[in-house]
file target.txt (compact mmCIF, C-alpha atoms and all ligand atoms)
# COMPACT_ATOMS: atom_id res chain seq x y z
CA MET A 53 5.41 79.89 31.03
CA ASP A 54 4.85 80.13 27.34
CA ARG A 55 3.45 83.05 25.35
CA ARG A 56 -0.05 81.66 25.16
CA GLY A 57 0.03 81.20 28.93
CA PHE A 58 0.65 84.86 29.62
CA ILE A 59 -1.89 85.98 27.04
CA ALA A 60 -4.49 83.78 28.75
CA GLY A 61 -3.32 85.08 32.13
CA ALA A 62 -3.72 88.69 31.05
CA ALA A 63 -7.31 88.00 30.06
CA VAL A 64 -8.36 87.21 33.62
CA GLY A 65 -6.91 90.48 34.90
CA GLY A 66 -7.53 91.12 38.55
CA VAL A 67 -7.49 87.51 39.63
CA VAL A 68 -3.95 87.17 38.38
CA GLY A 69 -3.12 90.52 39.94
CA VAL A 70 -3.96 89.60 43.51
CA GLY A 71 -2.36 86.16 43.39
CA ALA A 72 0.78 87.34 41.69
CA THR A 73 1.09 90.34 44.00
CA ALA A 74 1.17 87.96 46.92
CA ALA A 75 3.93 86.02 45.17
CA VAL A 76 6.06 89.13 44.78
CA LEU A 77 5.60 89.81 48.47
CA THR A 78 6.49 86.34 49.71
CA SER A 79 9.87 87.52 50.86
CA LEU A 80 8.30 90.14 53.09
CA LYS A 81 5.91 87.86 55.01
CA GLU A 82 3.88 90.84 56.12
CA LYS A 83 0.12 91.05 55.78
CA PRO A 84 -0.19 90.27 52.06
CA ALA A 85 -3.99 90.18 52.32
CA GLN A 86 -4.31 93.75 53.57
CA GLN A 87 -1.70 95.00 51.11
CA ALA A 88 -3.57 93.45 48.21
CA SER A 89 -6.72 95.38 49.08
CA VAL A 90 -5.22 98.89 49.36
CA THR A 91 -7.46 101.51 47.77
CA PRO A 92 -6.24 104.33 45.54
CA ALA A 93 -7.48 106.87 48.08
CA ALA A 94 -5.22 105.54 50.88
CA PRO A 95 -2.44 107.92 51.90
CA ALA A 96 0.83 106.83 50.31
CA ILE A 97 2.94 107.46 53.41
CA VAL A 98 1.81 106.36 56.88
CA LYS A 99 4.31 107.05 59.72
CA ASP A 100 7.53 105.33 58.69
CA ARG A 101 5.75 102.86 56.41
CA VAL A 102 5.53 103.66 52.71
CA GLU A 103 3.01 102.05 50.39
CA PHE A 104 4.29 101.86 46.85
CA THR A 105 1.95 100.54 44.17
CA MET A 106 3.78 99.89 40.91
CA VAL A 107 2.01 99.38 37.58
CA SER A 108 3.73 98.43 34.37
CA THR A 109 3.47 98.21 30.61
CA TRP A 110 4.64 94.56 30.53
CA PRO A 111 2.73 91.28 30.64
CA ARG A 112 3.22 89.32 33.86
CA ASP A 113 6.39 87.22 33.90
CA PHE A 114 7.36 88.41 30.42
CA PRO A 115 11.09 87.51 30.12
CA GLY A 116 13.43 90.44 30.75
CA LEU A 117 10.97 93.33 30.78
CA GLY A 118 8.30 91.85 33.05
CA THR A 119 10.58 89.75 35.22
CA GLY A 120 12.93 92.73 35.55
CA ALA A 121 10.14 95.04 36.70
CA GLN A 122 8.95 92.39 39.18
CA ARG A 123 12.51 91.89 40.47
CA LEU A 124 12.85 95.67 40.96
CA ALA A 125 9.62 95.82 42.99
CA GLU A 126 10.63 92.84 45.10
CA ARG A 127 14.14 94.16 45.77
CA ILE A 128 12.93 97.59 46.89
CA GLY A 129 10.83 95.75 49.48
CA ILE A 130 13.74 93.55 50.58
CA MET A 131 16.32 96.35 50.68
CA SER A 132 14.03 98.46 52.87
CA GLU A 133 13.31 95.43 55.10
CA GLY A 134 9.65 95.80 54.24
CA ARG A 135 9.37 99.46 55.21
CA ILE A 136 8.54 100.25 51.58
CA GLN A 137 5.55 98.01 50.99
CA MET A 138 5.50 97.08 47.32
CA GLN A 139 2.54 95.97 45.28
CA TYR A 140 3.24 95.16 41.65
CA PHE A 141 0.65 94.98 38.88
CA ALA A 142 1.50 93.84 35.36
CA ALA A 143 -0.21 95.34 32.30
CA GLY A 144 -3.97 94.86 32.49
CA GLU A 145 -4.01 93.76 36.12
CA ARG A 146 -4.82 97.23 37.50
CA VAL A 147 -4.77 99.50 34.45
CA GLY A 148 -4.01 98.93 30.79
CA ALA A 149 -0.36 99.18 29.71
CA PHE A 150 -0.67 102.64 28.20
CA ASP A 151 -2.76 103.96 31.13
CA SER A 152 0.27 103.59 33.44
CA PHE A 153 1.33 107.19 32.88
CA ASP A 154 -1.97 108.73 34.02
CA GLU A 155 -2.30 106.27 36.89
CA VAL A 156 1.01 107.48 38.36
CA ALA A 157 0.82 111.16 37.37
CA SER A 158 -2.58 111.33 39.11
CA GLY A 159 -1.24 109.65 42.25
CA ASN A 160 -3.51 106.60 42.01
CA ALA A 161 -0.32 104.54 41.92
CA GLN A 162 3.13 105.63 43.06
CA GLY A 163 5.21 104.30 40.18
CA TYR A 164 5.36 102.55 36.82
CA HIS A 165 7.91 100.44 35.01
CA ALA A 166 7.67 101.32 31.34
CA ALA A 167 9.36 102.57 28.20
CA ASP A 168 8.94 106.34 28.39
CA TYR A 169 8.74 106.68 24.60
CA TYR A 170 5.17 105.38 24.88
CA TRP A 171 4.32 108.93 26.10
CA LYS A 172 5.73 110.80 23.09
CA GLY A 173 2.20 111.90 22.17
CA LYS A 174 2.20 113.95 25.39
CA HIS A 175 5.61 115.46 24.59
CA PRO A 176 8.21 114.30 22.02
CA GLY A 177 10.96 114.75 24.62
CA TRP A 178 9.88 111.49 26.29
CA ALA A 179 11.23 109.49 23.35
CA PHE A 180 14.81 110.44 24.21
CA PHE A 181 14.52 108.73 27.60
CA THR A 182 13.95 105.33 26.02
CA ALA A 183 15.58 105.37 22.60
CA VAL A 184 15.47 107.36 19.37
CA PRO A 185 16.54 106.51 15.81
CA PHE A 186 20.33 106.76 15.37
CA GLY A 187 20.56 107.28 19.12
CA LEU A 188 22.74 105.98 21.92
CA THR A 189 23.80 102.45 22.87
CA TYR A 190 23.45 101.15 26.43
CA THR A 191 26.84 102.40 27.63
CA GLU A 192 26.46 105.72 25.78
CA MET A 193 22.98 106.22 27.25
CA ASN A 194 24.23 105.62 30.79
CA ALA A 195 26.97 108.19 30.18
CA TRP A 196 24.49 110.81 28.95
CA ILE A 197 21.95 110.27 31.72
CA ARG A 198 24.48 110.17 34.57
CA PHE A 199 27.23 112.56 33.42
CA GLY A 200 26.02 114.41 30.32
CA GLY A 201 23.04 116.34 31.65
CA GLY A 202 20.44 113.74 30.64
CA GLN A 203 18.98 113.13 34.11
CA GLU A 204 18.54 116.87 34.70
CA LEU A 205 16.58 117.29 31.46
CA TRP A 206 14.56 114.16 32.23
CA ASP A 207 13.73 115.63 35.65
CA GLU A 208 12.59 118.86 34.00
CA LEU A 209 10.37 117.09 31.48
CA ALA A 210 8.96 114.59 33.99
CA GLY A 211 8.45 117.38 36.52
CA ASP A 212 6.14 119.16 34.09
CA PHE A 213 3.86 116.09 34.31
CA GLY A 214 4.24 115.52 38.06
CA LEU A 215 6.65 112.62 37.60
CA LYS A 216 10.23 111.63 38.47
CA GLY A 217 12.12 109.08 36.37
CA LEU A 218 15.06 106.76 37.08
CA MET A 219 16.90 104.37 34.76
CA ALA A 220 15.68 100.85 35.53
CA GLY A 221 16.59 98.45 32.75
CA ASN A 222 17.83 98.22 29.18
CA THR A 223 17.38 95.81 26.27
CA GLY A 224 20.50 96.82 24.32
CA VAL A 225 20.39 97.14 20.53
CA GLN A 226 17.05 95.94 19.20
CA MET A 227 16.37 94.04 15.99
CA GLY A 228 14.85 95.82 12.99
CA GLY A 229 11.72 93.72 13.01
CA TRP A 230 9.71 90.92 11.42
CA PHE A 231 8.45 91.17 7.84
CA ARG A 232 6.40 88.82 5.68
CA LYS A 233 8.36 89.79 2.58
CA GLU A 234 11.93 90.82 1.95
CA ILE A 235 12.72 94.52 2.22
CA ASN A 236 15.12 95.17 -0.65
CA SER A 237 14.68 98.92 -0.90
CA ALA A 238 13.01 101.75 0.98
CA ASP A 239 10.15 101.50 -1.54
CA ASP A 240 9.25 98.11 -0.05
CA LEU A 241 8.29 99.91 3.17
CA LYS A 242 5.58 101.95 1.46
CA GLY A 243 2.08 101.04 2.57
CA LEU A 244 3.37 98.66 5.22
CA LYS A 245 1.35 98.67 8.44
CA MET A 246 3.97 98.11 11.11
CA ARG A 247 3.94 98.03 14.89
CA ILE A 248 6.78 100.40 15.78
CA PRO A 249 6.37 102.98 18.56
CA GLY A 250 8.40 106.09 19.40
CA LEU A 251 10.19 108.31 16.92
CA GLY A 252 11.13 105.17 14.96
CA GLY A 253 7.48 105.00 13.97
CA ASP A 254 7.66 108.60 12.76
CA VAL A 255 10.68 107.70 10.61
CA MET A 256 8.75 104.81 9.06
CA ALA A 257 5.84 107.15 8.38
CA LYS A 258 8.17 109.50 6.45
CA LEU A 259 9.06 106.52 4.25
CA GLY A 260 5.41 105.77 3.50
CA ALA A 261 4.70 103.08 6.10
CA SER A 262 1.81 103.26 8.59
CA PRO A 263 3.22 102.88 12.11
CA VAL A 264 1.05 101.70 14.98
CA SER A 265 1.87 101.49 18.68
CA LEU A 266 0.61 98.36 20.43
CA PRO A 267 1.57 97.05 23.87
CA GLY A 268 3.52 93.79 23.83
CA GLY A 269 0.57 91.62 24.79
CA GLN A 270 -1.40 92.59 21.66
CA ILE A 271 1.20 92.26 18.91
CA TYR A 272 1.02 88.54 18.10
CA GLU A 273 -2.74 88.48 17.48
CA ASN A 274 -2.55 91.55 15.23
CA LEU A 275 0.31 90.05 13.23
CA VAL A 276 -1.37 86.67 12.79
CA SER A 277 -4.72 88.20 11.83
CA GLY A 278 -3.10 90.44 9.24
CA ALA A 279 -4.17 93.65 11.01
CA ILE A 280 -0.48 94.57 10.82
CA ASP A 281 2.02 93.47 8.16
CA ALA A 282 5.18 93.75 10.22
CA THR A 283 6.37 94.38 13.75
CA GLU A 284 9.38 95.17 15.78
CA TRP A 285 9.46 94.23 19.46
CA VAL A 286 12.85 93.70 21.09
CA GLY A 287 15.30 90.99 20.01
CA PRO A 288 15.68 87.23 19.54
CA TRP A 289 15.15 86.24 23.18
CA ASN A 290 11.84 88.12 23.53
CA ASP A 291 10.67 87.86 19.93
CA GLY A 292 11.16 84.08 19.85
CA PHE A 293 9.06 83.79 23.01
CA MET A 294 6.32 85.73 21.19
CA LYS A 295 6.45 83.30 18.21
CA PHE A 296 6.31 86.09 15.62
CA TYR A 297 8.01 83.66 13.21
CA GLU A 298 4.70 81.86 12.85
CA ALA A 299 3.43 84.84 10.82
CA ALA A 300 6.57 86.51 9.41
CA LYS A 301 9.84 84.77 8.54
CA PHE A 302 12.16 87.64 7.55
CA TYR A 303 13.98 89.00 10.58
CA TYR A 304 15.94 92.19 9.92
CA TYR A 305 18.87 93.77 11.75
CA PRO A 306 20.08 96.11 13.08
CA GLY A 307 17.16 98.23 14.26
CA MET A 308 17.87 101.90 13.58
CA HIS A 309 15.05 102.88 15.93
CA GLU A 310 16.14 101.46 19.31
CA PRO A 311 19.90 101.12 19.71
CA GLY A 312 19.77 100.78 23.51
CA SER A 313 16.27 101.03 24.89
CA MET A 314 16.27 102.28 28.44
CA LEU A 315 13.36 101.32 30.65
CA ALA A 316 12.19 103.71 33.34
CA LEU A 317 10.96 103.58 36.88
CA GLY A 318 8.61 106.57 36.71
CA MET A 319 7.30 107.79 40.04
CA ASN A 320 4.76 110.34 41.19
CA ALA A 321 6.89 113.42 41.90
CA SER A 322 4.98 114.38 45.04
CA PHE A 323 5.42 110.84 46.41
CA TRP A 324 9.13 110.93 45.57
CA GLY A 325 9.59 114.31 47.20
CA LYS A 326 8.07 113.14 50.49
CA LEU A 327 10.30 110.08 50.80
CA SER A 328 13.16 110.08 53.31
CA LYS A 329 16.69 110.39 51.90
CA SER A 330 17.22 106.78 52.94
CA ASP A 331 14.19 105.53 51.01
CA GLN A 332 15.18 107.59 47.98
CA ALA A 333 18.68 106.08 48.11
CA ILE A 334 17.24 102.55 48.34
CA ILE A 335 14.99 103.10 45.32
CA GLU A 336 17.82 104.73 43.35
CA ALA A 337 20.14 101.81 44.14
CA ALA A 338 17.52 99.20 43.26
CA ALA A 339 16.72 100.93 39.95
CA ALA A 340 20.41 101.32 39.02
CA SER A 341 20.96 97.68 39.86
CA GLU A 342 18.04 96.61 37.65
CA ASN A 343 19.44 98.72 34.82
CA ASP A 344 22.51 96.49 34.91
CA TRP A 345 20.81 93.14 35.63
CA MET A 346 18.36 93.43 32.76
CA MET A 347 21.05 94.37 30.23
CA SER A 348 23.21 91.47 31.41
CA GLU A 349 20.39 89.00 30.85
CA TYR A 350 19.61 90.30 27.35
CA ASN A 351 23.26 90.03 26.39
CA ALA A 352 23.55 86.57 27.88
CA LYS A 353 20.51 85.12 26.09
CA SER A 354 20.02 86.91 22.76
CA GLY A 355 22.80 85.22 20.75
CA THR A 356 21.72 81.65 21.50
CA ALA A 357 18.07 82.59 21.04
CA LEU A 358 18.85 83.89 17.53
CA GLN A 359 20.63 80.66 16.58
CA ASP A 360 17.64 78.69 17.80
CA LEU A 361 15.26 80.78 15.67
CA ILE A 362 17.38 80.26 12.56
CA LYS A 363 18.04 76.53 13.06
CA ASN A 364 14.71 75.39 14.48
CA GLN A 365 12.06 77.85 13.31
CA GLY A 366 13.07 78.56 9.72
CA VAL A 367 13.72 82.23 10.43
CA GLN A 368 15.50 84.07 7.61
CA LEU A 369 18.00 86.57 9.00
CA ARG A 370 18.49 89.65 6.82
CA GLN A 371 20.50 92.85 7.18
CA PHE A 372 19.07 96.22 6.15
CA SER A 373 21.11 97.48 3.17
CA ASP A 374 23.16 100.68 3.26
CA GLU A 375 20.66 102.21 0.84
CA ILE A 376 17.78 101.53 3.20
CA TYR A 377 19.80 102.82 6.13
CA ASP A 378 20.55 106.02 4.20
CA SER A 379 16.80 106.45 3.72
CA PHE A 380 16.26 105.92 7.44
CA GLY A 381 18.87 108.62 8.09
CA GLU A 382 17.23 111.17 5.80
CA ALA A 383 13.81 110.50 7.31
CA ALA A 384 15.23 110.75 10.84
CA GLU A 385 16.63 114.21 10.06
CA GLU A 386 13.12 115.37 9.14
CA VAL A 387 11.68 113.87 12.31
CA PHE A 388 14.32 115.52 14.51
CA GLY A 389 13.62 118.84 12.82
CA GLU A 390 10.00 118.56 13.93
CA VAL A 391 11.05 117.54 17.45
CA GLN A 392 13.28 120.62 17.79
CA ALA A 393 10.50 122.88 16.54
CA HIS A 394 8.03 121.49 19.09
CA SER A 395 9.24 123.49 22.10
CA ASP A 396 12.23 124.99 23.86
CA LEU A 397 12.51 121.94 26.12
CA SER A 398 12.40 119.55 23.14
CA SER A 399 15.16 121.52 21.48
CA ARG A 400 17.33 121.52 24.61
CA ILE A 401 16.86 117.75 25.11
CA TYR A 402 17.76 117.13 21.46
CA ASN A 403 20.86 119.33 21.59
CA SER A 404 22.12 117.74 24.82
CA PHE A 405 21.51 114.30 23.32
CA LEU A 406 23.33 115.34 20.14
CA LYS A 407 26.36 116.53 22.10
CA ALA A 408 26.52 113.23 24.02
CA ARG A 409 26.23 111.27 20.77
CA ALA A 410 29.10 113.23 19.26
CA ASP A 411 31.38 113.16 22.33
CA VAL A 412 30.70 109.67 23.65
CA GLY A 413 30.13 108.23 20.18
CA ALA A 414 33.60 109.35 19.06
CA TRP A 415 35.09 107.55 22.03
CA THR A 416 33.01 104.43 21.28
CA ASN A 417 34.65 104.37 17.84
CA ILE A 418 38.17 104.02 19.17
CA SER A 419 37.35 101.99 22.26
CA ASP A 420 34.53 99.38 22.12
CA GLN A 421 34.03 99.36 18.36
CA ALA A 422 37.70 99.30 17.33
CA TYR A 423 38.59 96.65 19.87
CA VAL A 424 35.65 94.32 19.13
CA GLN A 425 36.26 94.64 15.40
CA GLN A 426 39.91 93.59 15.76
CA ARG A 427 39.22 90.86 18.32
CA ASN A 428 36.54 89.28 16.15
CA ARG A 429 38.63 89.59 12.98
CA VAL A 430 41.63 87.84 14.52
CA LEU A 431 39.57 85.13 16.20
CA GLY A 432 37.17 84.73 13.28
CA LEU A 433 34.11 85.42 15.44
CA CA B 501 11.08 97.81 20.43

call {"tool": "encode", "arguments": {"input": "target.txt", "output": "structure tokens", "more": "lines below"}}
Ligand code: CA
result
Amino acid sequence: MDRRGFIAGAAVGGVVGVGATAAVLTSLKEKPAQQASVTPAAPAIVKDRVEFTMVSTWPRDFPGLGTGAQRLAERIGIMSEGRIQMQYFAAGERVGAFDSFDEVASGNAQGYHAADYYWKGKHPGWAFFTAVPFGLTYTEMNAWIRFGGGQELWDELAGDFGLKGLMAGNTGVQMGGWFRKEINSADDLKGLKMRIPGLGGDVMAKLGASPVSLPGGQIYENLVSGAIDATEWVGPWNDGFMKFYEAAKFYYYPGMHEPGSMLALGMNASFWGKLSKSDQAIIEAAAASENDWMMSEYNAKSGTALQDLIKNQGVQLRQFSDEIYDSFGEAAEEVFGEVQAHSDLSSRIYNSFLKARADVGAWTNISDQAYVQQRNRVLGL
């Protein structure tokens, strides 16, 4: 489906929700009609059956993010042989994208698929469990979460809000964004109204821009209408689908703000705690699997998508200069100072993250980075 198709689909909300939920459940062949009409007040766990309603921050069938979340919901159902009865709702089909947090924390739904940095207004620590400026790449993030103390800190933060998070997808390094004019110095960012969520938005604000956070389904209209001057979203595969080039031709890289954006399966902590060990293991395995599948697809499709944008859509590829990057770095230091000052937990998350960036980042230098640099130099890639 094309971008306009999913925008139109989102507008009819619940109708799409019921039909598409049935589609996700086709592999289960078990009472889709009754499942589609479950009420929020129904008990989440009945005997050995578990009802798991998943909401998300992504438009239905949106490539990578949406299809990944839908695949995760479907696979949990399949892996549990239907014992975990999944219902999946894309953004706007049950609640709005940014209402996913409250829907799950309150127990109205059991889980969400989202970027946890959308919740940084509730606590800045959430940003670290998606991506932060000058943060970790995909492989570095996995190392921190699984072996560097990241999951434990995530559990502590999420637990304070009645939630439990698991890694469930990644976009890899994101592009810097779409601009109507060239950005030749940090001064060119002043006064710019840009869609850029998370701590990256705070960095832009330090440089005089006005950051706004919009869910994916609302960016195109705001860019075309001139309500915003610039936007970041993900990378060539997703951004091309969104047709941002119709309103802004200058496409900058690399994005300092999201070097490996991890998506989360966030669950109601009480629901999670009542699951059997077997069901927990199934959900953990499905989420870990999706973390890998999604990243593989982004890596497989982004390079060719970028070439298509340049050759066929008149997109002008530009690299942020060192001078601009230095300004990003200075602004990020200020932002991180504020994050540390927020609370003890913020400070501990930041320090753990910092240690992982130093330890794993040093290894990245002499492993992935050194090898790829030499391979591409010799082969002229
Ligand atoms: Ca982004």

call {"tool": "atom_distance", "arguments": {"input": "target.txt", "atom1": "CA of Ala299 in chain A", "atom2": "CA of Ser354 in chain A"}}
result
20.5 Å

call {"tool": "closest_atom_pairs", "arguments": {"input": "target.txt", "of": "range 148-206 of chain A", "to": "range 411-423 of chain A", "cutoff": "8 Å", "atoms": "all atoms listed in the file", "output": "Markdown table"}}
result
| residue | atom | partner | partner_atom | distance |
| --- | --- | --- | --- | --- |
| A:Leu188 | CA | A:Gly413 | CA | 7.9 |
| A:Glu192 | CA | A:Val412 | CA | 6.2 |
| A:Ala195 | CA | A:Val412 | CA | 7.7 |

call {"tool": "closest_atom_pairs", "arguments": {"input": "target.txt", "of": "chain A", "to": "ligand CA 501 (chain B)", "cutoff": "9 Å", "atoms": "only C-alpha atoms and all ligand atoms", "output": "tab-separated table"}}
result
residue	atom	partner	partner_atom	distance
A:Thr223	CA	B:CA501	CA	8.8
A:Gln226	CA	B:CA501	CA	6.4
A:Met227	CA	B:CA501	CA	7.9
A:Gly228	CA	B:CA501	CA	8.6
A:Gly229	CA	B:CA501	CA	8.5
A:Ile248	CA	B:CA501	CA	6.8
A:Pro249	CA	B:CA501	CA	7.2
A:Gly250	CA	B:CA501	CA	8.8
A:Thr283	CA	B:CA501	CA	8.9
A:Glu284	CA	B:CA501	CA	5.6
A:Trp285	CA	B:CA501	CA	4.0
A:Val286	CA	B:CA501	CA	4.5
A:Gly287	CA	B:CA501	CA	8.0
A:Gly307	CA	B:CA501	CA	8.7
A:His309	CA	B:CA501	CA	7.9
A:Glu310	CA	B:CA501	CA	6.3
A:Ser313	CA	B:CA501	CA	7.6

call {"tool": "closest_residue", "arguments": {"input": "target.txt", "among": "A:Glu342, A:Asp291, A:Asp281, A:Asp212", "to": "Gln122 in chain A", "atoms": "all atoms listed in the file"}}
result
A:Glu342

call {"tool": "closest_residue", "arguments": {"input": "target.txt", "among": "A:Phe293, A:Tyr169, A:Tyr190, A:Phe153", "to": "Asp113 in chain A", "atoms": "all atoms listed in the file"}}
result
A:Phe293

call {"tool": "closest_residue", "arguments": {"input": "target.txt", "among": "A:Arg135, A:Lys407, A:Lys245, A:Arg370", "to": "Ile280 in chain A", "atoms": "all atoms listed in the file"}}
result
A:Lys245

call {"tool": "residues_near_point", "arguments": {"input": "target.txt", "point": "(13.4, 122.2, 23.7)", "cutoff": "12 Å", "atoms": "all atoms listed in the file", "output": "MDAnalysis selection string"}}
result
chainID A and resid 175:178 180 205:206 208:209 388:405

call {"tool": "residues_around", "arguments": {"input": "target.txt", "residues": "Arg123 in chain A", "least_positions_apart": "6", "cutoff": "12 Å", "atoms": "all atoms listed in the file", "output": "PDB file with C-alpha atoms, in the coordinates of the input"}}
result
ATOM      1  CA  ALA A  75       3.930  86.020  45.170  1.00  0.00           C
ATOM      2  CA  VAL A  76       6.060  89.130  44.780  1.00  0.00           C
ATOM      3  CA  LEU A  77       5.600  89.810  48.470  1.00  0.00           C
ATOM      4  CA  SER A  79       9.870  87.520  50.860  1.00  0.00           C
ATOM      5  CA  MET A 106       3.780  99.890  40.910  1.00  0.00           C
ATOM      6  CA  ARG A 112       3.220  89.320  33.860  1.00  0.00           C
ATOM      7  CA  ASP A 113       6.390  87.220  33.900  1.00  0.00           C
ATOM      8  CA  PHE A 114       7.360  88.410  30.420  1.00  0.00           C
ATOM      9  CA  PRO A 115      11.090  87.510  30.120  1.00  0.00           C
ATOM     10  CA  GLY A 116      13.430  90.440  30.750  1.00  0.00           C
ATOM     11  CA  LEU A 117      10.970  93.330  30.780  1.00  0.00           C
ATOM     12  CA  GLY A 129      10.830  95.750  49.480  1.00  0.00           C
ATOM     13  CA  ILE A 130      13.740  93.550  50.580  1.00  0.00           C
ATOM     14  CA  MET A 131      16.320  96.350  50.680  1.00  0.00           C
ATOM     15  CA  MET A 138       5.500  97.080  47.320  1.00  0.00           C
ATOM     16  CA  GLN A 139       2.540  95.970  45.280  1.00  0.00           C
ATOM     17  CA  TYR A 140       3.240  95.160  41.650  1.00  0.00           C
ATOM     18  CA  HIS A 165       7.910 100.440  35.010  1.00  0.00           C
ATOM     19  CA  ALA A 220      15.680 100.850  35.530  1.00  0.00           C
ATOM     20  CA  GLY A 221      16.590  98.450  32.750  1.00  0.00           C
ATOM     21  CA  ALA A 338      17.520  99.200  43.260  1.00  0.00           C
ATOM     22  CA  ALA A 339      16.720 100.930  39.950  1.00  0.00           C
ATOM     23  CA  SER A 341      20.960  97.680  39.860  1.00  0.00           C
ATOM     24  CA  GLU A 342      18.040  96.610  37.650  1.00  0.00           C
ATOM     25  CA  ASN A 343      19.440  98.720  34.820  1.00  0.00           C
ATOM     26  CA  TRP A 345      20.810  93.140  35.630  1.00  0.00           C
ATOM     27  CA  MET A 346      18.360  93.430  32.760  1.00  0.00           C
TER      28      MET A 346
END

call {"tool": "atom_distance", "arguments": {"input": "target.txt", "atom1": "CA of Ile334 in chain A", "atom2": "CA of Ser132 in chain A"}}
result
6.9 Å

call {"tool": "closest_residue", "arguments": {"input": "target.txt", "among": "A:Ala300, A:Ile136, A:Asp168, A:Phe150", "to": "Ser328 in chain A", "atoms": "only C-alpha atoms"}}
result
A:Ile136

call {"tool": "atom_distance", "arguments": {"input": "target.txt", "atom1": "CA of Leu124 in chain A", "atom2": "CA of Gly200 in chain A"}}
result
25.3 Å

call {"tool": "closest_residue", "arguments": {"input": "target.txt", "among": "A:Leu218, A:Val147, A:Gly292, A:Phe104", "to": "Glu126 in chain A", "atoms": "all atoms listed in the file"}}
result
A:Phe104

call {"tool": "closest_residue", "arguments": {"input": "target.txt", "among": "A:Ala282, A:Asp240, A:Pro288, A:Ala157", "to": "Leu358 in chain A", "atoms": "only C-alpha atoms"}}
result
A:Pro288

call {"tool": "axis_aligned_box", "arguments": {"input": "target.txt", "around": "range 340-343 of chain A", "padding_each_side": "6 Å", "output": "JSON"}}
result
{"center_x": 19.5, "center_y": 99.0, "center_z": 37.3, "size_x": 14.9, "size_y": 16.7, "size_z": 17.0}
